[in-house]
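**Q** So here's run.tsv (TSV, C-alpha atoms).
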```
chain	number	residue	atom	x	y	z
F	1	MET	CA	2.57	-33.44	14.05
F	2	LYS	CA	5.91	-35.26	14.30
F	3	LYS	CA	6.23	-35.27	10.52
F	4	PHE	CA	5.45	-31.55	10.43
F	5	LEU	CA	8.05	-30.74	13.09
F	6	ASN	CA	10.68	-32.85	11.32
F	7	TYR	CA	10.02	-30.88	8.14
F	8	PHE	CA	12.02	-27.95	9.52
F	9	SER	CA	15.70	-28.13	10.41
F	10	LEU	CA	16.86	-27.36	13.93
F	11	PHE	CA	18.18	-23.98	12.76
F	12	GLU	CA	14.83	-23.12	11.15
F	13	LYS	CA	12.94	-24.06	14.31
F	14	LEU	CA	15.26	-21.92	16.41
F	15	LEU	CA	15.05	-19.05	13.91
F	16	TRP	CA	11.24	-19.09	13.98
F	17	LEU	CA	11.19	-19.40	17.79
F	18	PHE	CA	13.70	-16.56	18.20
F	19	SER	CA	11.75	-14.38	15.74
F	20	THR	CA	8.45	-15.05	17.50
F	21	ILE	CA	9.85	-14.35	20.97
F	22	ILE	CA	11.43	-11.05	19.86
F	23	ILE	CA	8.23	-9.94	18.14
F	24	LEU	CA	6.10	-10.81	21.19
F	25	ALA	CA	8.53	-9.13	23.57
F	26	SER	CA	8.68	-5.94	21.49
F	27	PHE	CA	4.90	-5.82	21.29
F	28	PHE	CA	4.33	-6.12	25.03
F	29	LEU	CA	7.20	-3.77	25.89
F	30	PHE	CA	6.57	-0.98	23.38
F	31	SER	CA	3.15	-1.28	21.77
F	32	ASN	CA	0.10	0.20	23.46
F	33	ASP	CA	-2.67	-0.39	20.95
F	34	GLY	CA	-1.23	-2.17	17.95
F	35	ALA	CA	-2.85	-5.60	18.20
F	36	LEU	CA	-3.02	-5.79	14.41
F	37	SER	CA	0.71	-5.15	14.23
F	38	LEU	CA	1.33	-8.19	16.42
F	39	VAL	CA	-0.95	-10.42	14.33
F	40	ALA	CA	0.62	-9.21	11.08
F	41	SER	CA	4.14	-9.70	12.43
F	42	LEU	CA	3.50	-13.28	13.56
F	43	ILE	CA	1.81	-14.19	10.28
F	44	GLY	CA	4.57	-12.49	8.32
F	45	VAL	CA	7.46	-14.24	10.04
F	46	THR	CA	5.71	-17.60	9.70
F	47	SER	CA	5.20	-16.87	6.02
F	48	LEU	CA	8.91	-16.21	5.60
F	49	ILE	CA	10.02	-19.48	7.19
F	50	PHE	CA	7.74	-21.42	4.82
F	51	ALA	CA	8.88	-19.32	1.86
F	52	ALA	CA	12.49	-20.06	2.78
F	53	LYS	CA	11.63	-23.75	2.35
F	54	ALA	CA	10.18	-22.99	-1.13
F	55	ASN	CA	6.81	-24.07	0.27
F	56	PRO	CA	3.57	-22.60	-1.25
F	57	VAL	CA	2.27	-21.95	2.27
F	58	GLY	CA	4.64	-18.94	2.18
F	59	PRO	CA	2.76	-16.91	-0.45
F	60	LEU	CA	-0.56	-18.12	1.01
F	61	LEU	CA	0.26	-16.53	4.37
F	62	MET	CA	1.64	-13.46	2.58
F	63	ILE	CA	-1.83	-12.86	1.14
F	64	ILE	CA	-3.22	-12.60	4.67
F	65	PHE	CA	-0.26	-10.49	5.83
F	66	SER	CA	-0.72	-8.04	2.93
F	67	ILE	CA	-4.31	-7.27	3.93
F	68	ILE	CA	-3.50	-6.68	7.59
F	69	TYR	CA	-0.35	-4.65	6.86
F	70	ALA	CA	-2.31	-2.43	4.45
F	71	VAL	CA	-4.71	-1.56	7.28
F	72	ILE	CA	-1.78	-0.70	9.57
F	73	SER	CA	-0.17	1.47	6.89
F	74	TYR	CA	-3.42	3.35	6.30
F	75	SER	CA	-3.62	4.22	9.98
F	76	PHE	CA	-0.32	6.11	9.73
F	77	ARG	CA	-0.96	7.64	6.27
F	78	TYR	CA	1.66	5.48	4.61
F	79	TYR	CA	-0.52	5.34	1.53
F	80	GLY	CA	2.40	4.09	-0.51
F	81	GLU	CA	2.67	0.99	1.65
F	82	MET	CA	-1.11	0.52	1.64
F	83	ILE	CA	-1.36	0.83	-2.14
F	84	THR	CA	1.71	-1.35	-2.62
F	85	TYR	CA	0.40	-4.22	-0.53
F	86	LEU	CA	-3.23	-4.08	-1.67
F	87	GLY	CA	-2.60	-3.23	-5.31
F	88	MET	CA	0.65	-5.12	-5.90
F	89	THR	CA	1.91	-7.49	-3.19
F	90	LEU	CA	-1.54	-9.00	-2.56
F	91	PRO	CA	-2.40	-9.84	-6.20
F	92	MET	CA	1.20	-10.88	-6.92
F	93	SER	CA	1.07	-13.22	-3.92
F	94	VAL	CA	-2.06	-14.77	-5.41
F	95	PHE	CA	-0.27	-15.21	-8.75
F	96	SER	CA	2.81	-16.55	-6.95
F	97	LEU	CA	0.74	-19.09	-5.06
F	98	ALA	CA	-0.79	-20.30	-8.32
F	99	ALA	CA	2.63	-20.42	-10.03
F	100	TRP	CA	4.24	-22.30	-7.13
F	101	LEU	CA	1.41	-24.84	-7.03
F	102	LYS	CA	1.72	-25.40	-10.78
F	103	ASN	CA	5.48	-25.90	-10.64
F	104	PRO	CA	6.25	-28.41	-7.88
F	105	TYR	CA	9.65	-30.06	-7.81
F	106	LYS	CA	9.13	-33.66	-9.01
F	107	ASN	CA	5.44	-33.55	-8.00
F	108	LYS	CA	6.47	-32.64	-4.46
F	109	LYS	CA	3.72	-30.22	-3.45
F	110	SER	CA	5.65	-28.90	-0.46
F	111	GLU	CA	8.56	-27.64	-2.60
F	112	VAL	CA	8.49	-25.48	-5.70
F	113	GLU	CA	10.98	-25.94	-8.52
F	114	VAL	CA	13.51	-23.11	-8.35
F	115	ASN	CA	13.76	-21.09	-11.55
F	116	SER	CA	16.57	-19.00	-13.08
F	117	LEU	CA	15.97	-15.76	-14.98
F	118	GLY	CA	17.83	-15.13	-18.21
F	119	LYS	CA	19.53	-11.83	-19.06
F	120	LYS	CA	16.64	-10.64	-21.24
F	121	GLU	CA	14.02	-11.28	-18.59
F	122	THR	CA	16.20	-9.67	-15.92
F	123	ALA	CA	16.53	-6.55	-18.08
F	124	PHE	CA	12.75	-6.61	-18.67
F	125	MET	CA	12.14	-6.84	-14.92
F	126	PHE	CA	14.33	-3.79	-14.22
F	127	LEU	CA	12.60	-1.76	-16.95
F	128	LEU	CA	9.16	-2.78	-15.70
F	129	THR	CA	10.15	-1.97	-12.11
F	130	ALA	CA	11.39	1.47	-13.19
F	131	ALA	CA	8.14	2.17	-15.07
F	132	VAL	CA	5.95	1.08	-12.15
F	133	THR	CA	8.03	3.10	-9.68
F	134	PHE	CA	7.88	6.22	-11.89
F	135	ALA	CA	4.08	5.97	-12.16
F	136	PHE	CA	3.59	5.33	-8.45
F	137	TYR	CA	5.75	8.32	-7.50
F	138	PHE	CA	3.10	10.71	-8.85
F	139	ILE	CA	0.27	8.70	-7.33
F	140	LEU	CA	1.91	8.83	-3.91
F	141	LYS	CA	2.70	12.52	-4.30
F	142	TYR	CA	-0.95	13.22	-5.13
F	143	PHE	CA	-2.03	11.55	-1.88
F	144	ASN	CA	0.56	13.52	0.14
F	145	THR	CA	2.22	10.31	1.23
F	146	ALA	CA	4.45	10.63	4.28
F	147	ASN	CA	8.22	10.26	3.57
F	148	LEU	CA	7.68	10.23	-0.19
F	149	LEU	CA	11.23	9.27	-1.17
F	150	PHE	CA	11.41	6.13	0.97
F	151	SER	CA	7.83	5.21	0.12
F	152	THR	CA	8.74	5.38	-3.57
F	153	LEU	CA	11.86	3.26	-3.04
F	154	SER	CA	9.66	0.76	-1.23
F	155	ILE	CA	7.52	0.50	-4.37
F	156	ALA	CA	10.58	-0.40	-6.44
F	157	THR	CA	11.91	-3.08	-4.10
F	158	SER	CA	8.45	-4.50	-3.40
F	159	PHE	CA	7.62	-4.84	-7.09
F	160	ALA	CA	10.95	-6.47	-7.88
F	161	ALA	CA	10.50	-8.86	-4.95
F	162	ALA	CA	6.95	-9.73	-6.00
F	163	TYR	CA	8.03	-10.34	-9.60
F	164	LEU	CA	10.93	-12.56	-8.55
F	165	THR	CA	8.67	-14.48	-6.17
F	166	PHE	CA	6.20	-15.09	-9.00
F	167	ARG	CA	9.04	-16.26	-11.25
F	168	ARG	CA	10.40	-18.56	-8.51
F	169	SER	CA	13.83	-16.95	-8.37
F	170	ALA	CA	16.06	-17.23	-5.31
F	171	TYR	CA	16.75	-13.50	-5.63
F	172	TYR	CA	13.22	-12.72	-4.45
F	173	ALA	CA	14.60	-12.95	-0.91
F	174	LEU	CA	17.35	-10.39	-1.56
F	175	ALA	CA	14.80	-7.99	-3.04
F	176	TYR	CA	12.61	-8.40	0.03
F	177	ALA	CA	15.69	-7.89	2.24
F	178	ALA	CA	16.32	-4.57	0.48
F	179	ASN	CA	12.68	-3.69	1.03
F	180	ASP	CA	13.01	-4.56	4.72
F	181	VAL	CA	15.84	-2.06	5.10
F	182	ILE	CA	13.70	0.69	3.54
F	183	LEU	CA	10.74	-0.21	5.74
F	184	ILE	CA	12.93	-0.12	8.83
F	185	VAL	CA	13.80	3.48	7.95
F	186	LEU	CA	10.16	4.36	7.22
F	187	TRP	CA	8.86	3.00	10.50
F	188	CYS	CA	11.71	4.62	12.43
F	189	PHE	CA	10.24	7.93	11.24
F	190	ALA	CA	6.84	6.76	12.47
F	191	THR	CA	8.33	5.69	15.81
F	192	ALA	CA	9.72	9.20	16.32
F	193	GLU	CA	6.09	10.39	16.44
F	194	LYS	CA	4.49	7.40	18.15
F	195	THR	CA	6.70	5.09	20.18
F	196	SER	CA	4.34	2.11	19.91
F	197	TYR	CA	5.47	1.69	16.29
F	198	ILE	CA	8.89	0.51	17.48
F	199	SER	CA	7.37	-2.98	17.49
F	200	VAL	CA	6.89	-2.64	13.71
F	201	VAL	CA	10.54	-1.60	13.32
F	202	ILE	CA	11.67	-4.65	15.26
F	203	CYS	CA	9.33	-6.78	13.14
F	204	PHE	CA	11.07	-5.72	9.94
F	205	VAL	CA	14.51	-6.27	11.46
F	206	ILE	CA	13.38	-9.84	12.12
F	207	PHE	CA	12.00	-10.05	8.57
F	208	LEU	CA	15.39	-8.94	7.27
F	209	ILE	CA	17.15	-11.77	9.08
F	210	ASN	CA	14.61	-14.29	7.78
F	211	ASP	CA	14.82	-13.02	4.20
F	212	LEU	CA	18.61	-13.30	4.22
F	213	TYR	CA	18.25	-16.88	5.40
F	214	GLY	CA	15.64	-17.43	2.68
F	215	PHE	CA	18.12	-16.44	-0.01
F	216	PHE	CA	20.78	-18.73	1.41
F	217	ASN	CA	18.37	-21.66	1.64
F	218	TRP	CA	16.96	-21.18	-1.86
F	219	LYS	CA	20.48	-21.28	-3.26
F	220	ARG	CA	20.99	-24.55	-1.39
F	221	ILE	CA	17.67	-25.92	-2.65
F	222	LYS	CA	18.51	-24.90	-6.21
F	223	HIS	CA	21.85	-26.70	-6.01
F	224	LYS	CA	20.14	-29.81	-4.62
F	225	GLN	CA	17.51	-29.77	-7.37
F	226	ARG	CA	20.14	-29.47	-10.12
F	227	ILE	CA	22.09	-32.51	-8.95
```
For this file, produce the structure as structure tokens.
**A**
Amino acid sequence: MKKFLNYFSLFEKLLWLFSTIIILASFFLFSNDGALSLVASLIGVTSLIFAAKANPVGPLLMIIFSIIYAVISYSFRYYGEMITYLGMTLPMSVFSLAAWLKNPYKNKKSEVEVNSLGKKETAFMFLLTAAVTFAFYFILKYFNTANLLFSTLSIATSFAAAYLTFRRSAYYALAYAANDVILIVLWCFATAEKTSYISVVICFVIFLINDLYGFFNWKRIKHKQRI
């Protein structure tokens, strides 16, 4: 236990504690029946703190989060979010977990080797993201997805984030941060109709803070690994 606690820096411990307290407080203050939202939020924020350390436990917990979040999204007819997490984020998290386990930094299982994307692969990623987003727009429209524009933008940022996570790029965290902003807007719309969803909004605000830290820490880890 002592070794596990020493694994995280003081800032990371405080960040996780702050995130957990805010999520719990928002749930008990604003949520009436969203127990799944609380579970998903706590799993999600724990996943992010491990991901920020380039630890494979991050994508492992994201697999669990994806399933629960898909159920929550279905309950509010956010079919775009449900399809995204079940059909894209979930399988990509599985692939990411496998890729991270296969690419440890100097056989250190608790830290993946940070990768850099070349210009050609970056261009390929943008083209693939555009193609996936274009296809999903019509799928979401067919299912009468609520807030179609933002749901479609969420597809784009989620796919880019999932791809970058799989490829072990520090920019995965920035892509997820962009996705967090879109999800904050989406769930603000939901909150206007059902106030209990404000806990989900607060959850993604916390996710945004954690993802920004994740980007900063991955850049630090990358620099350390290159020395």
**Q** For Phe136 in chain F, please output as number ranges by chain all residues within 10 Å (counting only C-alpha atoms; exclusion window: fewer than 3 positions along the same chain).
**A** F: 80, 83-84, 130-133, 139-142, 151-152, 155-156
**Q** Could you check how far CA of Leu208 in chain F sits from CA of Asp180 in chain F, in Å to one decimal?
**A** 5.6 Å
**Q** Quote the spacing between CA of Ser93 in chain F and CA of His223 in chain F in Å to one decimal place.
**A**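 Going from CA of Ser93 in chain F over to CA of His223 in chain F covers 24.9 Å.
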**Q** Select all residues near (12.7, -2.2, -10.0) (cut-off 7 Å, inclusive, file coordinates), counting only C-alpha atoms, and output them as a ChimeraX atom specification.
**A** /F:125-130,156-157,159-160
**Q** Restricting the calculation to only C-alpha atoms: of F:Met82, F:Ala54, F:Leu183, F:Ala146, which residue gets closest to Ser66 in chain F?
**A**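 Closest to Ser66 in chain F, using only C-alpha atoms: F:Met82.
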**Q** Can you list, as a ChimeraX atom specification, every protein, DNA or RNA residue that comes within 8 Å of Met92 in chain F when you count all atoms listed in the file, leaving out same-chain residues fewer than 4 positions away?
**A** /F:88,96,162-163,166
**Q** Once you have the residues from the selection above, write them out as a tab-separated table (two decimals), in the coordinates of the input, restricted to C-alpha atoms.
**A**
```
chain	number	residue	atom	x	y	z
F	88	MET	CA	0.65	-5.12	-5.90
F	96	SER	CA	2.81	-16.55	-6.95
F	162	ALA	CA	6.95	-9.73	-6.00
F	163	TYR	CA	8.03	-10.34	-9.60
F	166	PHE	CA	6.20	-15.09	-9.00
```
**Q** Just want the 12 Å neighbourhood of Cys188 in chain F, counted on only C-alpha atoms, with same-chain residues fewer than 4 positions away dropped. Output as a PDB file with C-alpha atoms, in the coordinates of the input.
**A**
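Below is the file that was written, part-v9.pdb:
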```
ATOM      1  CA  ASN F 147       8.220  10.260   3.570  1.00  0.00           C
ATOM      2  CA  PHE F 150      11.410   6.130   0.970  1.00  0.00           C
ATOM      3  CA  VAL F 181      15.840  -2.060   5.100  1.00  0.00           C
ATOM      4  CA  ILE F 182      13.700   0.690   3.540  1.00  0.00           C
ATOM      5  CA  LEU F 183      10.740  -0.210   5.740  1.00  0.00           C
ATOM      6  CA  ILE F 184      12.930  -0.120   8.830  1.00  0.00           C
ATOM      7  CA  ALA F 192       9.720   9.200  16.320  1.00  0.00           C
ATOM      8  CA  GLU F 193       6.090  10.390  16.440  1.00  0.00           C
ATOM      9  CA  LYS F 194       4.490   7.400  18.150  1.00  0.00           C
ATOM     10  CA  THR F 195       6.700   5.090  20.180  1.00  0.00           C
ATOM     11  CA  SER F 196       4.340   2.110  19.910  1.00  0.00           C
ATOM     12  CA  TYR F 197       5.470   1.690  16.290  1.00  0.00           C
ATOM     13  CA  ILE F 198       8.890   0.510  17.480  1.00  0.00           C
ATOM     14  CA  SER F 199       7.370  -2.980  17.490  1.00  0.00           C
ATOM     15  CA  VAL F 200       6.890  -2.640  13.710  1.00  0.00           C
ATOM     16  CA  VAL F 201      10.540  -1.600  13.320  1.00  0.00           C
ATOM     17  CA  ILE F 202      11.670  -4.650  15.260  1.00  0.00           C
ATOM     18  CA  CYS F 203       9.330  -6.780  13.140  1.00  0.00           C
ATOM     19  CA  PHE F 204      11.070  -5.720   9.940  1.00  0.00           C
ATOM     20  CA  VAL F 205      14.510  -6.270  11.460  1.00  0.00           C
TER      21      VAL F 205
END
```
**Q** Ranking F:Thr191, F:Tyr137, F:Trp16, F:Ser169 by minimum distance to Tyr79 in chain F and counting only C-alpha atoms, which one comes first?
**A**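 Closest candidate: F:Tyr137.
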**Q** List every residue of range 106-177 of chain F that has an atom at most 12 Å from any atom of range 25-48 of chain F, and for each one report the closest atom pair and its distance in Å to one decimal, counting all atoms listed in the file, with rows sorted by chain and then by increasing residue number, as CSV.
**A**
```
residue,atom,partner,partner_atom,distance
F:Thr165,CA,F:Leu48,CA,11.9
F:Tyr172,CA,F:Leu48,CA,11.5
F:Ala173,CA,F:Leu48,CA,9.2
F:Tyr176,CA,F:Leu48,CA,10.3
F:Ala177,CA,F:Leu48,CA,11.2
```
**Q** With all atoms listed in the file as the basis for distance, which of F:Ala178, F:Trp187, F:Glu111, F:Lys53 is at the shortest distance from Ile209 in chain F?
**A**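 Of F:Ala178, F:Trp187, F:Glu111, F:Lys53, the one nearest Ile209 in chain F, counting all atoms listed in the file, is F:Ala178.
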**Q** Which residue, F:Tyr105, F:Tyr171, F:Phe95, F:Tyr69, has the smallest gap to Tyr213 in chain F when you use only C-alpha atoms?
**A**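 Residue with the minimum atom-to-atom distance to Tyr213 in chain F: F:Tyr171.
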